[in-house]
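Containing mmCIF, C-alpha atoms: data.cif.
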```cif
data_work
loop_
_atom_site.group_PDB
_atom_site.id
_atom_site.type_symbol
_atom_site.label_atom_id
_atom_site.label_comp_id
_atom_site.auth_asym_id
_atom_site.auth_seq_id
_atom_site.Cartn_x
_atom_site.Cartn_y
_atom_site.Cartn_z
ATOM 1 C CA SER A 1 0.000 0.000 0.000
ATOM 2 C CA TYR A 2 0.971 3.649 -0.411
ATOM 3 C CA THR A 3 0.288 6.452 2.037
ATOM 4 C CA ILE A 4 -0.343 10.012 0.869
ATOM 5 C CA LYS A 5 -1.102 13.152 2.871
ATOM 6 C CA LEU A 6 -3.842 15.462 1.614
ATOM 7 C CA LEU A 7 -4.435 19.143 2.338
ATOM 8 C CA ILE A 8 -7.939 20.531 1.739
ATOM 9 C CA GLU A 9 -8.978 24.166 2.015
ATOM 10 C CA ASP A 10 -12.501 25.600 1.987
ATOM 11 C CA SER A 11 -12.945 29.129 3.267
ATOM 12 C CA ALA A 12 -16.493 29.486 1.939
ATOM 13 C CA THR A 13 -17.991 26.825 4.206
ATOM 14 C CA PRO A 14 -15.964 26.846 7.436
ATOM 15 C CA ASN A 15 -16.432 23.948 9.859
ATOM 16 C CA ASN A 16 -18.368 21.970 7.249
ATOM 17 C CA MET A 17 -16.188 19.525 5.329
ATOM 18 C CA ASP A 18 -17.930 16.275 4.445
ATOM 19 C CA ASN A 19 -15.456 13.695 3.127
ATOM 20 C CA ILE A 20 -12.611 13.121 0.708
ATOM 21 C CA TYR A 21 -12.852 10.399 -1.934
ATOM 22 C CA TYR A 22 -10.116 8.803 -3.990
ATOM 23 C CA TYR A 23 -9.957 6.523 -6.991
ATOM 24 C CA LEU A 24 -6.924 4.544 -8.191
ATOM 25 C CA GLY A 25 -6.892 3.529 -11.818
ATOM 26 C CA ASP A 26 -5.114 3.448 -15.156
ATOM 27 C CA THR A 27 -7.955 5.402 -16.815
ATOM 28 C CA GLU A 28 -9.641 8.600 -15.705
ATOM 29 C CA PRO A 29 -12.921 8.081 -13.799
ATOM 30 C CA GLU A 30 -16.239 9.554 -14.879
ATOM 31 C CA LYS A 31 -16.804 13.263 -14.462
ATOM 32 C CA VAL A 32 -20.026 15.208 -13.913
ATOM 33 C CA ASP A 33 -19.881 18.855 -14.882
ATOM 34 C CA ASN A 34 -16.378 19.869 -13.784
ATOM 35 C CA HIS A 35 -15.704 17.368 -11.012
ATOM 36 C CA TYR A 36 -15.143 13.641 -10.582
ATOM 37 C CA ALA A 37 -18.281 11.705 -9.652
ATOM 38 C CA PRO A 38 -17.724 9.165 -6.872
ATOM 39 C CA PHE A 39 -21.463 8.454 -6.441
ATOM 40 C CA ASP A 40 -23.924 6.660 -8.687
ATOM 41 C CA SER A 41 -27.457 7.862 -9.488
ATOM 42 C CA ASN A 42 -28.783 6.210 -6.330
ATOM 43 C CA GLY A 43 -26.306 7.995 -4.084
ATOM 44 C CA GLY A 44 -24.114 4.928 -3.513
ATOM 45 C CA LEU A 45 -20.343 5.012 -3.740
ATOM 46 C CA LYS A 46 -19.186 3.703 -7.088
ATOM 47 C CA SER A 47 -16.921 0.693 -7.384
ATOM 48 C CA GLY A 48 -13.265 1.638 -7.082
ATOM 49 C CA TRP A 49 -13.859 4.755 -4.995
ATOM 50 C CA SER A 50 -12.847 4.947 -1.321
ATOM 51 C CA ILE A 51 -13.681 7.362 1.499
ATOM 52 C CA VAL A 52 -11.077 9.214 3.545
ATOM 53 C CA ALA A 53 -12.143 11.195 6.614
ATOM 54 C CA PRO A 54 -10.906 14.801 6.914
ATOM 55 C CA ILE A 55 -9.206 16.102 10.048
ATOM 56 C CA ALA A 56 -9.707 19.768 10.850
ATOM 57 C CA ASP A 57 -6.729 21.992 11.577
ATOM 58 C CA THR A 58 -7.719 23.150 15.070
ATOM 59 C CA THR A 59 -5.186 25.971 15.030
ATOM 60 C CA GLN A 60 -7.550 27.865 12.734
ATOM 61 C CA LYS A 61 -11.056 28.876 13.750
ATOM 62 C CA PRO A 62 -13.409 28.696 12.044
ATOM 63 C CA TYR A 63 -12.000 25.545 10.496
ATOM 64 C CA THR A 64 -11.061 26.188 6.877
ATOM 65 C CA VAL A 65 -8.161 23.781 6.472
ATOM 66 C CA TRP A 66 -8.272 20.010 6.744
ATOM 67 C CA THR A 67 -5.681 17.298 6.371
ATOM 68 C CA SER A 68 -6.173 13.642 5.679
ATOM 69 C CA ILE A 69 -4.053 10.529 5.378
ATOM 70 C CA ALA A 70 -5.064 8.189 2.568
ATOM 71 C CA THR A 71 -3.773 4.618 2.467
ATOM 72 C CA ILE A 72 -3.913 3.560 -1.164
ATOM 73 C CA ASP A 73 -4.755 -0.125 -1.580
ATOM 74 C CA ILE A 74 -2.953 -1.528 -4.631
ATOM 75 C CA SER A 75 -4.189 -5.107 -4.267
ATOM 76 C CA LYS A 76 -6.709 -4.704 -7.103
ATOM 77 C CA CYS A 77 -4.194 -3.370 -9.613
ATOM 78 C CA GLU A 78 -3.659 -5.824 -12.440
ATOM 79 C CA THR A 79 0.046 -5.027 -12.831
ATOM 80 C CA THR A 80 2.087 -4.891 -9.629
ATOM 81 C CA ASP A 81 5.663 -5.363 -10.787
ATOM 82 C CA GLY A 82 6.494 -1.641 -10.830
ATOM 83 C CA THR A 83 6.322 -1.203 -14.606
ATOM 84 C CA LYS A 84 2.814 0.214 -15.082
ATOM 85 C CA PRO A 85 1.723 3.651 -13.821
ATOM 86 C CA TYR A 86 -1.583 4.192 -12.055
ATOM 87 C CA THR A 87 -3.074 7.558 -11.114
ATOM 88 C CA VAL A 88 -4.719 8.568 -7.850
ATOM 89 C CA TYR A 89 -7.741 10.803 -8.464
ATOM 90 C CA ILE A 90 -9.086 12.736 -5.480
ATOM 91 C CA VAL A 91 -12.224 14.779 -4.940
ATOM 92 C CA ALA A 92 -13.371 16.601 -1.786
ATOM 93 C CA ARG A 93 -16.980 17.379 -0.919
ATOM 94 C CA ASP A 94 -18.166 19.889 1.659
ATOM 95 C CA ALA A 95 -21.351 19.722 3.730
ATOM 96 C CA ALA A 96 -23.201 21.859 1.187
ATOM 97 C CA GLY A 97 -22.581 19.244 -1.502
ATOM 98 C CA ASN A 98 -19.932 21.220 -3.405
ATOM 99 C CA TYR A 99 -17.097 19.239 -4.995
ATOM 100 C CA SER A 100 -13.519 20.199 -5.718
ATOM 101 C CA THR A 101 -13.197 20.723 -9.452
ATOM 102 C CA VAL A 102 -10.897 18.903 -11.817
ATOM 103 C CA GLU A 103 -9.064 22.182 -12.470
ATOM 104 C CA ASP A 104 -8.315 22.486 -8.741
ATOM 105 C CA ASN A 105 -7.261 18.883 -8.468
ATOM 106 C CA ASP A 106 -3.515 18.254 -8.531
ATOM 107 C CA SER A 107 -4.008 14.534 -8.029
ATOM 108 C CA LYS A 108 -3.889 13.884 -11.782
ATOM 109 C CA LYS A 109 -0.175 14.476 -11.432
ATOM 110 C CA LEU A 110 0.123 11.837 -8.710
ATOM 111 C CA LYS A 111 1.239 8.688 -10.446
ATOM 112 C CA ILE A 112 2.341 5.598 -8.606
ATOM 113 C CA TYR A 113 3.956 2.415 -9.882
ATOM 114 C CA PRO A 114 2.591 -0.430 -7.736
ATOM 115 C CA ASP A 115 5.281 -2.993 -7.016
ATOM 116 C CA ARG A 116 4.558 -6.057 -4.920
ATOM 117 C CA THR A 117 6.869 -8.372 -6.868
ATOM 118 C CA ALA A 118 10.195 -9.383 -5.340
ATOM 119 C CA PRO A 119 13.315 -9.809 -7.480
ATOM 120 C CA SER A 120 13.975 -13.170 -9.075
ATOM 121 C CA VAL A 121 16.981 -14.927 -7.510
ATOM 122 C CA SER A 122 18.236 -18.175 -9.011
ATOM 123 C CA GLU A 123 19.679 -21.119 -7.110
ATOM 124 C CA LEU A 124 23.079 -20.242 -5.655
ATOM 125 C CA THR A 125 26.164 -21.669 -7.332
ATOM 126 C CA ALA A 126 29.408 -22.247 -5.442
ATOM 127 C CA SER A 127 32.793 -22.518 -7.105
ATOM 128 C CA PRO A 128 34.428 -24.818 -6.239
ATOM 129 C CA GLU A 129 31.570 -26.996 -4.973
ATOM 130 C CA GLU A 130 33.844 -28.733 -2.448
ATOM 131 C CA VAL A 131 36.476 -27.243 -0.160
ATOM 132 C CA ASN A 132 39.194 -29.476 1.298
ATOM 133 C CA SER A 133 42.611 -28.754 2.759
ATOM 134 C CA ALA A 134 44.259 -28.456 -0.663
ATOM 135 C CA THR A 135 41.566 -26.051 -1.857
ATOM 136 C CA LYS A 136 41.863 -23.965 1.299
ATOM 137 C CA GLU A 137 45.632 -23.794 0.897
ATOM 138 C CA SER A 138 45.216 -22.563 -2.692
ATOM 139 C CA ILE A 139 42.708 -19.952 -1.534
ATOM 140 C CA GLU A 140 45.009 -18.765 1.239
ATOM 141 C CA ASN A 141 48.005 -18.371 -1.065
ATOM 142 C CA GLY A 142 45.883 -16.559 -3.648
ATOM 143 C CA THR A 143 46.010 -19.068 -6.488
ATOM 144 C CA LYS A 144 42.295 -19.860 -6.198
ATOM 145 C CA THR A 145 39.119 -18.133 -5.010
ATOM 146 C CA PHE A 146 35.862 -19.354 -3.545
ATOM 147 C CA THR A 147 32.778 -17.675 -5.016
ATOM 148 C CA ILE A 148 29.005 -17.672 -4.601
ATOM 149 C CA SER A 149 26.964 -16.644 -7.658
ATOM 150 C CA SER A 150 23.332 -16.125 -8.585
ATOM 151 C CA GLU A 151 21.338 -14.734 -11.493
ATOM 152 C CA ILE A 152 19.189 -11.866 -10.196
ATOM 153 C CA THR A 153 16.600 -9.864 -12.128
ATOM 154 C CA ASP A 154 13.742 -7.478 -11.409
ATOM 155 C CA ALA A 155 11.170 -5.726 -13.570
ATOM 156 C CA THR A 156 12.374 -2.376 -12.223
ATOM 157 C CA VAL A 157 15.633 -1.879 -10.329
ATOM 158 C CA VAL A 158 17.538 -4.167 -7.966
ATOM 159 C CA GLU A 159 18.523 -1.756 -5.208
ATOM 160 C CA SER A 160 20.725 -3.973 -3.040
ATOM 161 C CA ILE A 161 22.232 -7.464 -3.061
ATOM 162 C CA GLU A 162 23.812 -8.886 0.082
ATOM 163 C CA LEU A 163 25.590 -12.114 0.954
ATOM 164 C CA TYR A 164 25.350 -13.759 4.373
ATOM 165 C CA ASP A 165 27.223 -16.641 5.942
ATOM 166 C CA GLY A 166 24.666 -17.820 8.476
ATOM 167 C CA ASN A 167 23.516 -14.667 10.270
ATOM 168 C CA THR A 168 26.712 -12.784 9.454
ATOM 169 C CA LYS A 169 26.599 -10.314 6.612
ATOM 170 C CA LEU A 170 29.765 -10.386 4.516
ATOM 171 C CA ASN A 171 30.678 -6.805 3.639
ATOM 172 C CA ILE A 172 31.729 -7.474 0.076
ATOM 173 C CA GLU A 173 30.412 -6.143 -3.222
ATOM 174 C CA PRO A 174 29.429 -8.558 -5.980
ATOM 175 C CA VAL A 175 30.797 -8.422 -9.497
ATOM 176 C CA LYS A 176 28.044 -8.171 -12.115
ATOM 177 C CA ASN A 177 28.220 -9.898 -15.481
ATOM 178 C CA ALA A 178 24.940 -9.501 -17.396
ATOM 179 C CA ASN A 179 22.402 -10.585 -14.744
ATOM 180 C CA THR A 180 24.804 -12.794 -12.786
ATOM 181 C CA TYR A 181 26.204 -11.463 -9.513
ATOM 182 C CA THR A 182 29.318 -13.117 -8.073
ATOM 183 C CA PHE A 183 30.666 -12.720 -4.550
ATOM 184 C CA THR A 184 34.240 -13.703 -3.729
ATOM 185 C CA VAL A 185 34.177 -14.987 -0.158
ATOM 186 C CA PRO A 186 37.122 -13.755 1.981
ATOM 187 C CA LYS A 187 39.562 -16.496 2.851
ATOM 188 C CA GLU A 188 39.138 -15.892 6.589
ATOM 189 C CA ASN A 189 35.482 -16.897 6.256
ATOM 190 C CA ILE A 190 36.320 -20.278 4.765
ATOM 191 C CA THR A 191 36.502 -22.533 7.791
ATOM 192 C CA THR A 192 35.919 -26.211 8.494
ATOM 193 C CA GLY A 193 32.287 -26.947 9.346
ATOM 194 C CA SER A 194 28.791 -26.211 8.092
ATOM 195 C CA HIS A 195 27.955 -22.997 6.249
ATOM 196 C CA VAL A 196 24.600 -21.645 5.072
ATOM 197 C CA TYR A 197 25.137 -18.985 2.433
ATOM 198 C CA LYS A 198 22.255 -16.626 1.717
ATOM 199 C CA ILE A 199 21.819 -14.001 -0.967
ATOM 200 C CA SER A 200 19.247 -11.317 -0.172
ATOM 201 C CA ALA A 201 18.055 -9.103 -3.049
ATOM 202 C CA LYS A 202 15.838 -6.033 -2.563
ATOM 203 C CA ASP A 203 14.205 -3.843 -5.196
ATOM 204 C CA LYS A 204 13.509 -0.105 -4.914
ATOM 205 C CA ALA A 205 9.983 -0.767 -3.568
ATOM 206 C CA GLY A 206 11.423 -2.751 -0.663
ATOM 207 C CA ASN A 207 10.411 -6.220 -1.884
ATOM 208 C CA VAL A 208 12.948 -8.828 -0.763
ATOM 209 C CA LYS A 209 13.810 -12.292 -2.072
ATOM 210 C CA GLU A 210 16.251 -14.602 -0.262
ATOM 211 C CA VAL A 211 17.826 -17.844 -1.464
ATOM 212 C CA THR A 212 20.142 -20.080 0.589
ATOM 213 C CA LYS A 213 22.699 -22.796 -0.085
ATOM 214 C CA SER A 214 24.037 -25.165 2.585
ATOM 215 C CA MET A 215 27.597 -26.449 2.370
ATOM 216 C CA SER A 216 30.020 -28.349 4.567
ATOM 217 C CA PHE A 217 33.775 -27.730 4.428
ATOM 218 C CA ASP A 218 36.464 -30.123 5.590
ATOM 219 C CA ALA A 219 39.732 -28.261 5.321
ATOM 220 C CA THR A 220 41.517 -30.186 8.073
ATOM 221 C CA ASN A 221 44.123 -32.803 7.144
ATOM 222 C CA PRO A 222 43.946 -36.110 9.022
ATOM 223 C CA THR A 223 46.775 -36.835 11.439
ATOM 224 C CA VAL A 224 48.566 -40.163 11.986
ATOM 225 C CA ASN A 225 50.242 -41.197 15.246
ATOM 226 C CA ILE A 226 52.015 -44.507 15.860
ATOM 227 C CA SER A 227 50.626 -45.808 19.120
ATOM 228 C CA GLY A 228 52.442 -49.156 19.200
ATOM 229 C CA VAL A 229 54.179 -51.900 17.237
ATOM 230 C CA SER A 230 53.711 -55.641 17.638
ATOM 231 C CA PRO A 231 55.910 -57.565 17.788
ATOM 232 C CA LEU A 232 58.488 -55.156 19.084
ATOM 233 C CA VAL A 233 61.066 -54.214 16.520
ATOM 234 C CA LYS A 234 64.534 -53.185 17.534
ATOM 235 C CA VAL A 235 65.884 -50.397 15.457
ATOM 236 C CA ASP A 236 69.665 -49.859 15.419
#
```

Once you've parsed the file, please lay out its structure as structure tokens.
Amino acid sequence: SYTIKLLIEDSATPNNMDNIYYYLGDTEPEKVDNHYAPFDSNGGLKSGWSIVAPIADTTQKPYTVWTSIATIDISKCETTDGTKPYTVYIVARDAAGNYSTVEDNDSKKLKIYPDRTAPSVSELTASPEEVNSATKESIENGTKTFTISSEITDATVVESIELYDGNTKLNIEPVKNANTYTFTVPKENITTGSHVYKISAKDKAGNVKEVTKSMSFDATNPTVNISGVSPLVKVD
């Protein structure tokens, strides 16, 4: 949903504001005379229109200024991936039945791009897929790297992409190649044990998609100790 703040002024009929009505659509709603028409011929509110209550500015008496907070419900919009514009149309009515005119209505300029769709994040790919002591040694001496990659797309803009190892965010920037983002994991984070890598992608509307990959590293060489010899062997 979107929240917008409205300011309504009516000096001709102080203390007598009725309601504010808004319509969200991709086409302009019906007009009667020079104002939008939120009511049908029977006096009922038309489909698509919503009521917002005005709040009087009590610092001014008689009340001639009102504010209102409108929460715009975008659930009925057909396109909600941030690519299609919709317009919020607003009309105010006072107690005498007068409506704000289209010419006085700045809401035609208020376009929103509903976006309820999170980015697309592919399955994470690790390179190499296995880490042992030889791999870790190569990573530590700089001859090899360990990377986590994913293909990430969004209909609008991907605002941020983050990599986590468990609950720890790794403060590294990915390298982008087309739509593939690759993180090079620091060598100090490559330790023996279980790891759950997570990529979190967020678009400009705040929608988030997270994908994880579990891995287990064994970068510890086995050790061998001679605990005894039978039969005893004499060594000169």

So which residues get picked by the PyMOL selection byres ((chain A and resi 20) around 12) here, written as a compact mmCIF listing (two decimals) with C-alpha atoms, keeping the file's coordinate frame?
```txt
# COMPACT_ATOMS: atom_id res chain seq x y z
CA LYS A 5 -1.10 13.15 2.87
CA LEU A 6 -3.84 15.46 1.61
CA LEU A 7 -4.43 19.14 2.34
CA ILE A 8 -7.94 20.53 1.74
CA GLU A 9 -8.98 24.17 2.02
CA MET A 17 -16.19 19.52 5.33
CA ASP A 18 -17.93 16.27 4.44
CA ASN A 19 -15.46 13.70 3.13
CA TYR A 21 -12.85 10.40 -1.93
CA TYR A 22 -10.12 8.80 -3.99
CA TYR A 23 -9.96 6.52 -6.99
CA TYR A 36 -15.14 13.64 -10.58
CA ALA A 37 -18.28 11.70 -9.65
CA PRO A 38 -17.72 9.16 -6.87
CA TRP A 49 -13.86 4.76 -5.00
CA SER A 50 -12.85 4.95 -1.32
CA ILE A 51 -13.68 7.36 1.50
CA VAL A 52 -11.08 9.21 3.54
CA ALA A 53 -12.14 11.20 6.61
CA PRO A 54 -10.91 14.80 6.91
CA ILE A 55 -9.21 16.10 10.05
CA TRP A 66 -8.27 20.01 6.74
CA THR A 67 -5.68 17.30 6.37
CA SER A 68 -6.17 13.64 5.68
CA ILE A 69 -4.05 10.53 5.38
CA ALA A 70 -5.06 8.19 2.57
CA TYR A 89 -7.74 10.80 -8.46
CA ILE A 90 -9.09 12.74 -5.48
CA VAL A 91 -12.22 14.78 -4.94
CA ALA A 92 -13.37 16.60 -1.79
CA ARG A 93 -16.98 17.38 -0.92
CA ASP A 94 -18.17 19.89 1.66
CA ALA A 95 -21.35 19.72 3.73
CA GLY A 97 -22.58 19.24 -1.50
CA ASN A 98 -19.93 21.22 -3.40
CA TYR A 99 -17.10 19.24 -5.00
CA SER A 100 -13.52 20.20 -5.72
```

Do you have the atom CA of A:Ser47-atom CA of A:His35 distance handy?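 Result for atom CA of A:Ser47 versus atom CA of A:His35: 17.1 Å, one decimal.
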
Step by step, gather every atom of stretch 195-211 of chain A that the file lists, find the box along x, y and z that holds them, add 6 Å on each side, and finally give centre and edge lengths in Å to one decimal, as AutoDock Vina command-line options.
```
--center_x 19.0 --center_y -11.6 --center_z 0.5 --size_x 30.0 --size_y 34.9 --size_z 23.4
```

Measuring atom to atom with only C-alpha atoms, identify which of A:Asn141, A:Ser120, A:Asn177, A:Ser149 is nearest to A:Asp203. A:Ser120

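The list of residues with at least one atom within 10 Å of A:Leu124, based on only C-alpha atoms and without residues fewer than 5 positions apart in the same chain, reads A:Ile148, A:Ser149, A:Ser150, A:Glu151, A:Thr182, A:Tyr197, A:Lys198, A:Ile199, A:Val211, A:Thr212, A:Lys213, A:Ser214.
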
Hey, can you pull every residue with an atom no more than 12 Å from (-10.3, 3.1, -15.3), using all atoms listed in the file, and send it as a PyMOL selection string? chain A and resi 23-30+47-49+76-78+86-89

Could you tell me how far atom CA of A:Thr192 sits from atom CA of A:Lys176, in Å to one decimal place? 28.5 Å

Would you write out, as a PyMOL selection string, every residue that the PyMOL selection byres ((chain A and resi 162) around 6) captures in this file? chain A and resi 161+163+199-200

Just checking: using all atoms listed in the file, which residue out of A:Val175, A:Asn132, A:Thr184, A:Asn42 ends up closest to A:Pro222?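 Residue with the minimum atom-to-atom distance to A:Pro222: A:Asn132.
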
Given the PyMOL selection byres ((chain A and resi 160) around 12) and the file above, list the residues it selects as JSON, numbers by chain. {"A": [119, 152, 153, 154, 157, 158, 159, 161, 162, 163, 172, 173, 174, 181, 199, 200, 201, 202, 203, 204, 205, 206, 207, 208, 209, 210]}

Find the residues around A:Ile74 up to 8 Å (only C-alpha atoms counted), leave out those fewer than 3 positions away in its own chain, and share them as an MDAnalysis selection string. chainID A and resid 1:2 77 80 114

note - atom CA of A:Ser194 and atom CA of A:Asn167 are separated by 12.9 Å
